[in-house]
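File shown: work.tsv (TSV, C-alpha atoms).
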```tsv
chain	number	residue	atom	x	y	z
A	1	GLY	CA	41.01	-63.18	-22.38
A	2	ALA	CA	44.62	-63.55	-23.44
A	3	GLY	CA	47.04	-60.88	-22.34
A	4	VAL	CA	50.00	-59.40	-24.14
A	5	SER	CA	52.48	-62.07	-25.11
A	6	GLN	CA	56.14	-61.68	-25.99
A	7	SER	CA	58.71	-64.01	-27.43
A	8	PRO	CA	61.27	-65.17	-26.75
A	9	SER	CA	61.16	-64.83	-22.99
A	10	ASN	CA	64.95	-64.95	-22.84
A	11	LYS	CA	67.54	-64.30	-25.50
A	12	VAL	CA	71.30	-64.58	-25.15
A	13	THR	CA	73.25	-63.35	-28.12
A	14	GLU	CA	76.81	-62.51	-29.00
A	15	LYS	CA	77.87	-58.95	-29.50
A	16	GLY	CA	77.42	-57.92	-33.11
A	17	LYS	CA	74.54	-60.28	-33.89
A	18	ASP	CA	71.05	-59.14	-34.83
A	19	VAL	CA	68.02	-60.02	-32.69
A	20	GLU	CA	64.30	-59.84	-33.28
A	21	LEU	CA	61.80	-59.54	-30.47
A	22	ARG	CA	58.11	-60.18	-30.96
A	23	CYS	CA	55.00	-58.80	-29.31
A	24	ASP	CA	51.40	-59.97	-29.67
A	25	PRO	CA	49.06	-57.34	-28.21
A	26	ILE	CA	45.67	-57.93	-26.70
A	27	SER	CA	43.13	-58.47	-29.46
A	28	GLY	CA	41.31	-55.25	-30.27
A	29	HIS	CA	43.95	-52.97	-28.82
A	30	THR	CA	44.99	-50.42	-31.40
A	31	ALA	CA	47.87	-48.87	-29.47
A	32	LEU	CA	51.13	-50.69	-28.88
A	33	TYR	CA	54.22	-49.52	-27.00
A	34	TRP	CA	57.77	-50.78	-26.58
A	35	TYR	CA	59.80	-49.97	-23.49
A	36	ARG	CA	63.25	-50.94	-22.26
A	37	GLN	CA	64.03	-51.67	-18.63
A	38	ARG	CA	67.66	-51.82	-17.59
A	39	LEU	CA	68.54	-53.64	-14.40
A	40	GLY	CA	67.25	-51.75	-11.37
A	41	GLN	CA	65.87	-48.93	-13.46
A	42	GLY	CA	62.51	-47.63	-14.51
A	43	LEU	CA	61.07	-48.12	-17.95
A	44	GLU	CA	62.41	-46.17	-20.90
A	45	PHE	CA	59.92	-45.49	-23.70
A	46	LEU	CA	61.09	-46.57	-27.15
A	47	ILE	CA	58.27	-46.37	-29.68
A	48	TYR	CA	54.49	-46.18	-30.06
A	49	PHE	CA	52.19	-47.58	-32.74
A	50	GLN	CA	48.61	-46.36	-33.14
A	51	GLY	CA	46.48	-48.10	-35.73
A	52	ASN	CA	48.02	-47.82	-39.18
A	53	SER	CA	49.77	-44.51	-38.51
A	54	ALA	CA	53.49	-44.26	-39.07
A	55	PRO	CA	55.30	-44.37	-35.71
A	56	ASP	CA	57.53	-41.68	-34.32
A	57	LYS	CA	60.96	-43.32	-34.16
A	58	SER	CA	62.69	-40.54	-32.27
A	59	GLY	CA	62.61	-42.47	-29.00
A	60	LEU	CA	64.65	-45.35	-30.36
A	61	PRO	CA	68.13	-45.31	-28.75
A	62	SER	CA	70.09	-45.56	-32.00
A	63	ASP	CA	69.72	-46.37	-35.68
A	64	ARG	CA	70.51	-49.98	-34.84
A	65	PHE	CA	66.98	-50.22	-33.44
A	66	SER	CA	63.94	-50.56	-35.65
A	67	ALA	CA	60.35	-51.62	-35.11
A	68	GLU	CA	57.45	-52.65	-37.26
A	69	ARG	CA	53.84	-53.47	-36.71
A	70	THR	CA	51.54	-55.38	-39.04
A	71	GLY	CA	48.23	-53.59	-39.04
A	72	GLU	CA	46.88	-53.66	-35.52
A	73	SER	CA	48.47	-56.94	-34.55
A	74	VAL	CA	51.96	-58.30	-34.11
A	75	SER	CA	54.94	-56.02	-33.64
A	76	THR	CA	58.63	-56.81	-33.92
A	77	LEU	CA	61.53	-54.88	-32.44
A	78	THR	CA	64.81	-55.52	-34.20
A	79	ILE	CA	68.23	-54.67	-32.84
A	80	GLN	CA	71.08	-54.89	-35.31
A	81	ARG	CA	74.72	-55.36	-34.40
A	82	THR	CA	73.89	-55.76	-30.72
A	83	GLN	CA	76.10	-54.17	-28.10
A	84	GLN	CA	76.50	-55.06	-24.44
A	85	GLU	CA	74.64	-51.90	-23.44
A	86	ASP	CA	71.58	-53.30	-25.22
A	87	SER	CA	71.25	-55.90	-22.45
A	88	ALA	CA	67.93	-55.22	-20.76
A	89	VAL	CA	64.36	-56.43	-20.49
A	90	TYR	CA	62.28	-55.27	-23.43
A	91	LEU	CA	58.65	-54.79	-22.55
A	92	CYS	CA	55.70	-54.45	-24.83
A	93	ALA	CA	52.37	-52.95	-23.80
A	94	SER	CA	49.07	-52.44	-25.52
A	95	SER	CA	46.03	-50.34	-24.80
A	96	TRP	CA	42.55	-50.02	-26.20
A	97	THR	CA	43.61	-46.87	-27.95
A	98	GLY	CA	46.10	-44.09	-27.44
A	99	GLY	CA	45.44	-41.13	-25.20
A	100	TYR	CA	46.69	-42.78	-22.04
A	101	TYR	CA	44.20	-45.45	-21.45
A	102	GLU	CA	45.77	-47.99	-19.15
A	103	GLN	CA	48.53	-49.96	-20.79
A	104	TYR	CA	48.69	-53.70	-20.28
A	105	PHE	CA	52.19	-55.11	-20.28
A	106	GLY	CA	53.59	-58.37	-21.51
A	107	PRO	CA	56.09	-60.47	-19.52
A	108	GLY	CA	59.03	-59.02	-21.41
A	109	THR	CA	62.03	-60.41	-23.25
A	110	ARG	CA	65.24	-60.51	-21.27
A	111	LEU	CA	68.07	-59.81	-23.69
A	112	THR	CA	71.64	-60.57	-22.70
A	113	VAL	CA	74.44	-59.57	-25.03
A	114	THR	CA	77.73	-61.33	-24.29
B	1	ALA	CA	60.36	-32.06	-19.98
B	2	GLN	CA	58.50	-34.55	-17.90
B	3	LYS	CA	59.99	-36.20	-14.87
B	4	VAL	CA	58.84	-38.62	-12.20
B	5	THR	CA	60.74	-38.96	-8.95
B	6	GLN	CA	60.36	-41.83	-6.55
B	7	ALA	CA	62.81	-40.90	-3.86
B	8	GLN	CA	62.42	-44.10	-1.89
B	9	THR	CA	64.56	-46.72	-3.53
B	10	GLU	CA	63.67	-49.45	-1.05
B	11	ILE	CA	61.27	-49.73	1.87
B	12	SER	CA	61.12	-52.63	4.27
B	13	VAL	CA	58.27	-53.03	6.76
B	14	VAL	CA	56.83	-55.78	8.84
B	15	GLU	CA	53.57	-57.33	7.75
B	16	LYS	CA	50.42	-55.48	8.83
B	17	GLU	CA	52.17	-52.12	8.95
B	18	ASP	CA	50.89	-49.31	6.77
B	19	VAL	CA	53.30	-47.99	4.16
B	20	THR	CA	53.26	-44.99	1.84
B	21	LEU	CA	55.16	-44.82	-1.42
B	22	ASP	CA	55.95	-41.32	-2.60
B	23	CYS	CA	55.73	-40.02	-6.15
B	24	VAL	CA	56.53	-36.48	-7.27
B	25	TYR	CA	56.10	-35.46	-10.88
B	26	GLU	CA	57.03	-32.56	-13.13
B	27	THR	CA	55.17	-31.48	-16.24
B	28	ARG	CA	54.27	-28.27	-18.01
B	29	ASP	CA	51.03	-29.67	-19.32
B	30	THR	CA	47.72	-28.82	-17.69
B	31	THR	CA	46.24	-32.10	-18.89
B	32	TYR	CA	48.11	-35.18	-17.86
B	33	TYR	CA	47.62	-38.65	-16.46
B	34	LEU	CA	49.21	-40.43	-13.55
B	35	PHE	CA	49.59	-44.17	-13.09
B	36	TRP	CA	50.82	-46.70	-10.60
B	37	TYR	CA	52.07	-50.12	-11.66
B	38	LYS	CA	53.18	-53.08	-9.57
B	39	GLN	CA	56.03	-55.33	-10.72
B	40	PRO	CA	56.10	-58.50	-8.62
B	41	PRO	CA	59.11	-60.83	-8.64
B	42	SER	CA	57.64	-62.61	-11.66
B	43	GLY	CA	58.41	-59.44	-13.61
B	44	GLU	CA	55.11	-58.65	-15.32
B	45	LEU	CA	53.84	-55.14	-14.67
B	46	VAL	CA	50.35	-54.96	-13.27
B	47	PHE	CA	48.23	-51.85	-13.73
B	48	LEU	CA	46.89	-50.44	-10.46
B	49	ILE	CA	45.38	-47.04	-11.13
B	50	ARG	CA	45.06	-44.20	-13.63
B	51	ARG	CA	44.12	-40.65	-12.67
B	52	ASN	CA	43.74	-37.57	-14.84
B	53	SER	CA	44.89	-34.14	-13.79
B	54	PHE	CA	41.37	-32.81	-13.37
B	55	ASP	CA	40.34	-35.37	-10.80
B	56	GLU	CA	41.95	-34.70	-7.46
B	57	GLN	CA	39.69	-36.93	-5.47
B	58	ASN	CA	41.53	-39.50	-3.45
B	59	GLU	CA	40.78	-43.07	-4.30
B	60	ILE	CA	40.51	-46.18	-2.19
B	61	SER	CA	40.50	-49.73	-3.45
B	62	GLY	CA	40.53	-52.26	-0.68
B	63	ARG	CA	43.80	-51.87	1.20
B	64	TYR	CA	45.16	-49.50	-1.44
B	65	SER	CA	44.64	-45.76	-1.47
B	66	TRP	CA	46.02	-42.92	-3.52
B	67	ASN	CA	46.48	-39.28	-2.58
B	68	PHE	CA	46.74	-36.87	-5.51
B	69	GLN	CA	47.76	-33.30	-4.67
B	70	LYS	CA	48.35	-30.94	-7.58
B	71	SER	CA	49.63	-28.24	-5.23
B	72	THR	CA	52.65	-30.37	-4.39
B	73	SER	CA	52.75	-32.33	-7.69
B	74	SER	CA	52.48	-35.57	-5.78
B	75	PHE	CA	50.59	-38.80	-6.27
B	76	ASN	CA	51.33	-40.96	-3.26
B	77	PHE	CA	50.27	-44.55	-2.77
B	78	THR	CA	49.43	-46.09	0.60
B	79	ILE	CA	49.03	-49.74	1.43
B	80	THR	CA	47.14	-50.36	4.64
B	81	ALA	CA	47.79	-53.48	6.69
B	82	SER	CA	50.52	-54.65	4.32
B	83	GLN	CA	50.85	-58.30	3.40
B	84	VAL	CA	53.78	-60.35	2.16
B	85	VAL	CA	52.10	-60.58	-1.26
B	86	ASP	CA	52.47	-56.83	-1.57
B	87	SER	CA	56.22	-57.26	-1.91
B	88	ALA	CA	57.14	-55.92	-5.33
B	89	VAL	CA	58.63	-52.97	-7.15
B	90	TYR	CA	56.09	-50.19	-7.56
B	91	PHE	CA	56.36	-47.67	-10.36
B	92	CYS	CA	54.71	-44.31	-10.67
B	93	ALA	CA	54.29	-43.02	-14.24
B	94	LEU	CA	53.19	-39.86	-16.02
B	95	GLY	CA	51.56	-39.36	-19.40
B	96	ASP	CA	51.15	-35.94	-20.95
B	97	SER	CA	48.57	-34.59	-23.36
B	98	GLY	CA	50.38	-35.95	-26.39
B	99	GLY	CA	47.84	-38.65	-26.89
B	100	GLY	CA	50.18	-41.45	-25.98
B	101	ALA	CA	52.75	-40.77	-28.67
B	102	ASP	CA	55.46	-40.08	-26.13
B	103	GLY	CA	54.72	-43.10	-24.01
B	104	LEU	CA	54.71	-42.95	-20.26
B	105	THR	CA	57.49	-41.45	-18.20
B	106	PHE	CA	58.29	-43.82	-15.37
B	107	GLY	CA	60.00	-43.23	-12.06
B	108	LYS	CA	62.81	-45.55	-11.09
B	109	GLY	CA	60.54	-47.52	-8.82
B	110	THR	CA	60.34	-48.29	-5.11
B	111	HIS	CA	61.21	-51.79	-4.01
B	112	LEU	CA	58.79	-52.69	-1.25
B	113	ILE	CA	59.70	-55.57	1.03
B	114	ILE	CA	57.09	-56.88	3.42
B	115	GLN	CA	58.60	-59.09	6.08
B	116	PRO	CA	56.46	-61.73	7.74
```

Let's see the structure in the file written out as structure tokens.
Amino acid sequence: GAGVSQSPSNKVTEKGKDVELRCDPISGHTALYWYRQRLGQGLEFLIYFQGNSAPDKSGLPSDRFSAERTGESVSTLTIQRTQQEDSAVYLCASSWTGGYYEQYFGPGTRLTVT
Amino acid sequence: AQKVTQAQTEISVVEKEDVTLDCVYETRDTTYYLFWYKQPPSGELVFLIRRNSFDEQNEISGRYSWNFQKSTSSFNFTITASQVVDSAVYFCALGDSGGGADGLTFGKGTHLIIQP
């Protein structure tokens, strides 16, 4: 079946602009995660969605970051007033449910802020 | 706080050699989960294995094997008879008992280079 998809694959934006990143999880997966991977680093957890529950936003790096999920499907991660330190690969993952079932990752969106 | 340490930043071996990637973790939870992921040059993370803290049996899958030792808080990964296709960045990750709400804590990864 189809895996996790993300769009766009690459995004170059000017400092100060807003960007929106999209994630389509695997059908039937109720849990969805966003991570950030800076160059040469491990993954940094950002936010988790489980079903229709309100997410815990405490992992988001700043109030310029926000995320939404429509039911148990598409999620968007929005970064307002982008800064150069936001440059990274943003990865989305989904799993059958929460509780640390294996997470399946999308190909990521490479964001470059100039 | 949770922490995952992969002390080996980069390992380079010649094809057919065996190689072990180290992973040391820290957690205060008694229930936790450990993972290994592979990130090939294409960039997409590939799930390799998930173990829970109550299962200390070593696991073998083809040329891959994992050694989980709670006494040393380690979850090491060995590739036997390495192949060029094994070249990738390998990440060890830890999940606690929070039901997923805190995401996984990843190590910084080990870049494995298999030379022909």

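Of the listed residues (A:Lys57, A:Lys11, A:Arg64, A:Arg38), A:Arg38 comes nearest to Val89 (chain A); the distances count all atoms listed in the file.
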
Find the residues of chain B in contact range of chain A, meaning any atom within 9 Å when counting only C-alpha atoms, and list them as an NGL selection string. :B and (32-33 or 35 or 42-47 or 49-50 or 91 or 95-109)

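The gap separating CA of Thr78 (chain A) from CA of Asp63 (chain A) is 10.5 Å, in Å to one decimal.
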
Just give me the gap between CA of Tyr25 (chain B) and CA of Leu94 (chain B) in Å, one decimal is fine.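 Spanning CA of Tyr25 (chain B) to CA of Leu94 (chain B) is a straight-line distance of 7.4 Å.
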
So which residues touch Phe54 (chain B) within 10 Å, counting only C-alpha atoms, skipping near sequence neighbours fewer than 3 positions away, as a list of chain:residue names?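 Close residues of Phe54 (chain B): B:Thr30, B:Thr31, B:Tyr32, B:Tyr33, B:Arg51, B:Gln57, B:Lys70.
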
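When CA of Lys3 (chain B) is paired with CA of Asn52 (chain B), their separation reads 16.3 Å.
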
Quick one: everything within 7 Å of Ala67 (chain A), counting all atoms listed in the file, minus sequence neighbours fewer than 2 positions away in the same chain. Send it as an NGL selection string. :A and (65 or 69 or 76-78)

May I have the residues within 6 Å of Asp24 (chain A) as a PyMOL selection string, using all atoms listed in the file and disregarding those fewer than 6 positions away in the same chain? chain A and resi 4-5+74

Tell me which protein, DNA and RNA residues are within 6 Å of Phe68 (chain B), counting all atoms listed in the file, leaving out same-chain ones fewer than 5 positions away, and put them as a PyMOL selection string. chain B and resi 56+74-75

Incomplete region 69-80 of chain B brought to all heavy atoms, written out as a PDB file, keeping the file's coordinate frame:
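Writing the result to part03.pdb gives the following:
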```pdb
ATOM      1  N   GLN B  69      47.755 -34.710  -5.055  1.00  0.00           N
ATOM      2  CA  GLN B  69      47.760 -33.300  -4.670  1.00  0.00           C
ATOM      3  C   GLN B  69      48.507 -32.500  -5.737  1.00  0.00           C
ATOM      4  O   GLN B  69      49.729 -32.550  -5.826  1.00  0.00           O
ATOM      5  CB  GLN B  69      48.425 -33.120  -3.310  1.00  0.00           C
ATOM      6  CG  GLN B  69      47.629 -33.732  -2.167  1.00  0.00           C
ATOM      7  CD  GLN B  69      48.064 -33.208  -0.809  1.00  0.00           C
ATOM      8  OE1 GLN B  69      49.089 -32.558  -0.695  1.00  0.00           O
ATOM      9  NE2 GLN B  69      47.268 -33.477   0.211  1.00  0.00           N
ATOM     10  N   LYS B  70      47.738 -31.753  -6.521  1.00  0.00           N
ATOM     11  CA  LYS B  70      48.350 -30.940  -7.580  1.00  0.00           C
ATOM     12  C   LYS B  70      49.221 -29.846  -6.987  1.00  0.00           C
ATOM     13  O   LYS B  70      50.221 -29.450  -7.597  1.00  0.00           O
ATOM     14  CB  LYS B  70      47.260 -30.331  -8.463  1.00  0.00           C
ATOM     15  CG  LYS B  70      46.588 -31.352  -9.363  1.00  0.00           C
ATOM     16  CD  LYS B  70      45.509 -30.735 -10.213  1.00  0.00           C
ATOM     17  CE  LYS B  70      46.072 -29.916 -11.347  1.00  0.00           C
ATOM     18  NZ  LYS B  70      45.004 -29.507 -12.288  1.00  0.00           N
ATOM     19  N   SER B  71      48.864 -29.340  -5.822  1.00  0.00           N
ATOM     20  CA  SER B  71      49.630 -28.240  -5.230  1.00  0.00           C
ATOM     21  C   SER B  71      51.068 -28.625  -4.945  1.00  0.00           C
ATOM     22  O   SER B  71      51.970 -27.783  -4.981  1.00  0.00           O
ATOM     23  CB  SER B  71      48.949 -27.766  -3.935  1.00  0.00           C
ATOM     24  OG  SER B  71      48.893 -28.826  -2.990  1.00  0.00           O
ATOM     25  N   THR B  72      51.288 -29.895  -4.672  1.00  0.00           N
ATOM     26  CA  THR B  72      52.650 -30.370  -4.390  1.00  0.00           C
ATOM     27  C   THR B  72      53.156 -31.308  -5.483  1.00  0.00           C
ATOM     28  O   THR B  72      54.222 -31.913  -5.342  1.00  0.00           O
ATOM     29  CB  THR B  72      52.704 -31.091  -3.039  1.00  0.00           C
ATOM     30  OG1 THR B  72      51.745 -32.156  -3.046  1.00  0.00           O
ATOM     31  CG2 THR B  72      52.408 -30.137  -1.895  1.00  0.00           C
ATOM     32  N   SER B  73      52.377 -31.439  -6.573  1.00  0.00           N
ATOM     33  CA  SER B  73      52.750 -32.330  -7.690  1.00  0.00           C
ATOM     34  C   SER B  73      53.093 -33.722  -7.163  1.00  0.00           C
ATOM     35  O   SER B  73      54.136 -34.291  -7.496  1.00  0.00           O
ATOM     36  CB  SER B  73      53.932 -31.753  -8.472  1.00  0.00           C
ATOM     37  OG  SER B  73      53.578 -30.540  -9.058  1.00  0.00           O
ATOM     38  N   SER B  74      52.209 -34.250  -6.343  1.00  0.00           N
ATOM     39  CA  SER B  74      52.480 -35.570  -5.780  1.00  0.00           C
ATOM     40  C   SER B  74      51.286 -36.501  -5.984  1.00  0.00           C
ATOM     41  O   SER B  74      50.131 -36.065  -6.057  1.00  0.00           O
ATOM     42  CB  SER B  74      52.809 -35.444  -4.289  1.00  0.00           C
ATOM     43  OG  SER B  74      51.692 -34.972  -3.569  1.00  0.00           O
ATOM     44  N   PHE B  75      51.612 -37.751  -6.082  1.00  0.00           N
ATOM     45  CA  PHE B  75      50.590 -38.800  -6.270  1.00  0.00           C
ATOM     46  C   PHE B  75      51.055 -40.001  -5.463  1.00  0.00           C
ATOM     47  O   PHE B  75      51.617 -40.945  -5.996  1.00  0.00           O
ATOM     48  CB  PHE B  75      50.438 -39.113  -7.752  1.00  0.00           C
ATOM     49  CG  PHE B  75      49.310 -40.059  -8.076  1.00  0.00           C
ATOM     50  CD1 PHE B  75      48.055 -39.930  -7.491  1.00  0.00           C
ATOM     51  CD2 PHE B  75      49.488 -41.075  -9.000  1.00  0.00           C
ATOM     52  CE1 PHE B  75      47.015 -40.786  -7.800  1.00  0.00           C
ATOM     53  CE2 PHE B  75      48.461 -41.947  -9.325  1.00  0.00           C
ATOM     54  CZ  PHE B  75      47.224 -41.802  -8.728  1.00  0.00           C
ATOM     55  N   ASN B  76      50.803 -39.954  -4.173  1.00  0.00           N
ATOM     56  CA  ASN B  76      51.330 -40.960  -3.260  1.00  0.00           C
ATOM     57  C   ASN B  76      50.395 -42.146  -3.107  1.00  0.00           C
ATOM     58  O   ASN B  76      49.177 -42.027  -3.234  1.00  0.00           O
ATOM     59  CB  ASN B  76      51.607 -40.338  -1.888  1.00  0.00           C
ATOM     60  CG  ASN B  76      52.675 -39.273  -1.948  1.00  0.00           C
ATOM     61  OD1 ASN B  76      53.496 -39.240  -2.879  1.00  0.00           O
ATOM     62  ND2 ASN B  76      52.683 -38.382  -0.980  1.00  0.00           N
ATOM     63  N   PHE B  77      50.978 -43.267  -2.811  1.00  0.00           N
ATOM     64  CA  PHE B  77      50.270 -44.550  -2.770  1.00  0.00           C
ATOM     65  C   PHE B  77      50.469 -45.164  -1.389  1.00  0.00           C
ATOM     66  O   PHE B  77      51.602 -45.315  -0.940  1.00  0.00           O
ATOM     67  CB  PHE B  77      50.854 -45.441  -3.867  1.00  0.00           C
ATOM     68  CG  PHE B  77      50.384 -46.861  -3.886  1.00  0.00           C
ATOM     69  CD1 PHE B  77      49.106 -47.225  -3.498  1.00  0.00           C
ATOM     70  CD2 PHE B  77      51.235 -47.862  -4.346  1.00  0.00           C
ATOM     71  CE1 PHE B  77      48.680 -48.546  -3.542  1.00  0.00           C
ATOM     72  CE2 PHE B  77      50.825 -49.192  -4.409  1.00  0.00           C
ATOM     73  CZ  PHE B  77      49.557 -49.531  -3.996  1.00  0.00           C
ATOM     74  N   THR B  78      49.365 -45.499  -0.739  1.00  0.00           N
ATOM     75  CA  THR B  78      49.430 -46.090   0.600  1.00  0.00           C
ATOM     76  C   THR B  78      48.823 -47.477   0.601  1.00  0.00           C
ATOM     77  O   THR B  78      47.741 -47.694   0.042  1.00  0.00           O
ATOM     78  CB  THR B  78      48.698 -45.197   1.622  1.00  0.00           C
ATOM     79  OG1 THR B  78      49.353 -43.933   1.708  1.00  0.00           O
ATOM     80  CG2 THR B  78      48.688 -45.853   3.007  1.00  0.00           C
ATOM     81  N   ILE B  79      49.542 -48.392   1.204  1.00  0.00           N
ATOM     82  CA  ILE B  79      49.030 -49.740   1.430  1.00  0.00           C
ATOM     83  C   ILE B  79      48.755 -49.873   2.926  1.00  0.00           C
ATOM     84  O   ILE B  79      49.663 -49.673   3.753  1.00  0.00           O
ATOM     85  CB  ILE B  79      50.017 -50.812   0.973  1.00  0.00           C
ATOM     86  CG1 ILE B  79      50.329 -50.651  -0.519  1.00  0.00           C
ATOM     87  CG2 ILE B  79      49.452 -52.206   1.255  1.00  0.00           C
ATOM     88  CD1 ILE B  79      51.411 -51.597  -1.027  1.00  0.00           C
ATOM     89  N   THR B  80      47.536 -50.189   3.241  1.00  0.00           N
ATOM     90  CA  THR B  80      47.140 -50.360   4.640  1.00  0.00           C
ATOM     91  C   THR B  80      47.229 -51.837   5.006  1.00  0.00           C
ATOM     92  O   THR B  80      46.887 -52.699   4.204  1.00  0.00           O
ATOM     93  CB  THR B  80      45.705 -49.848   4.834  1.00  0.00           C
ATOM     94  OG1 THR B  80      45.630 -48.477   4.426  1.00  0.00           O
ATOM     95  CG2 THR B  80      45.268 -49.971   6.283  1.00  0.00           C
TER      96      THR B  80
END
```
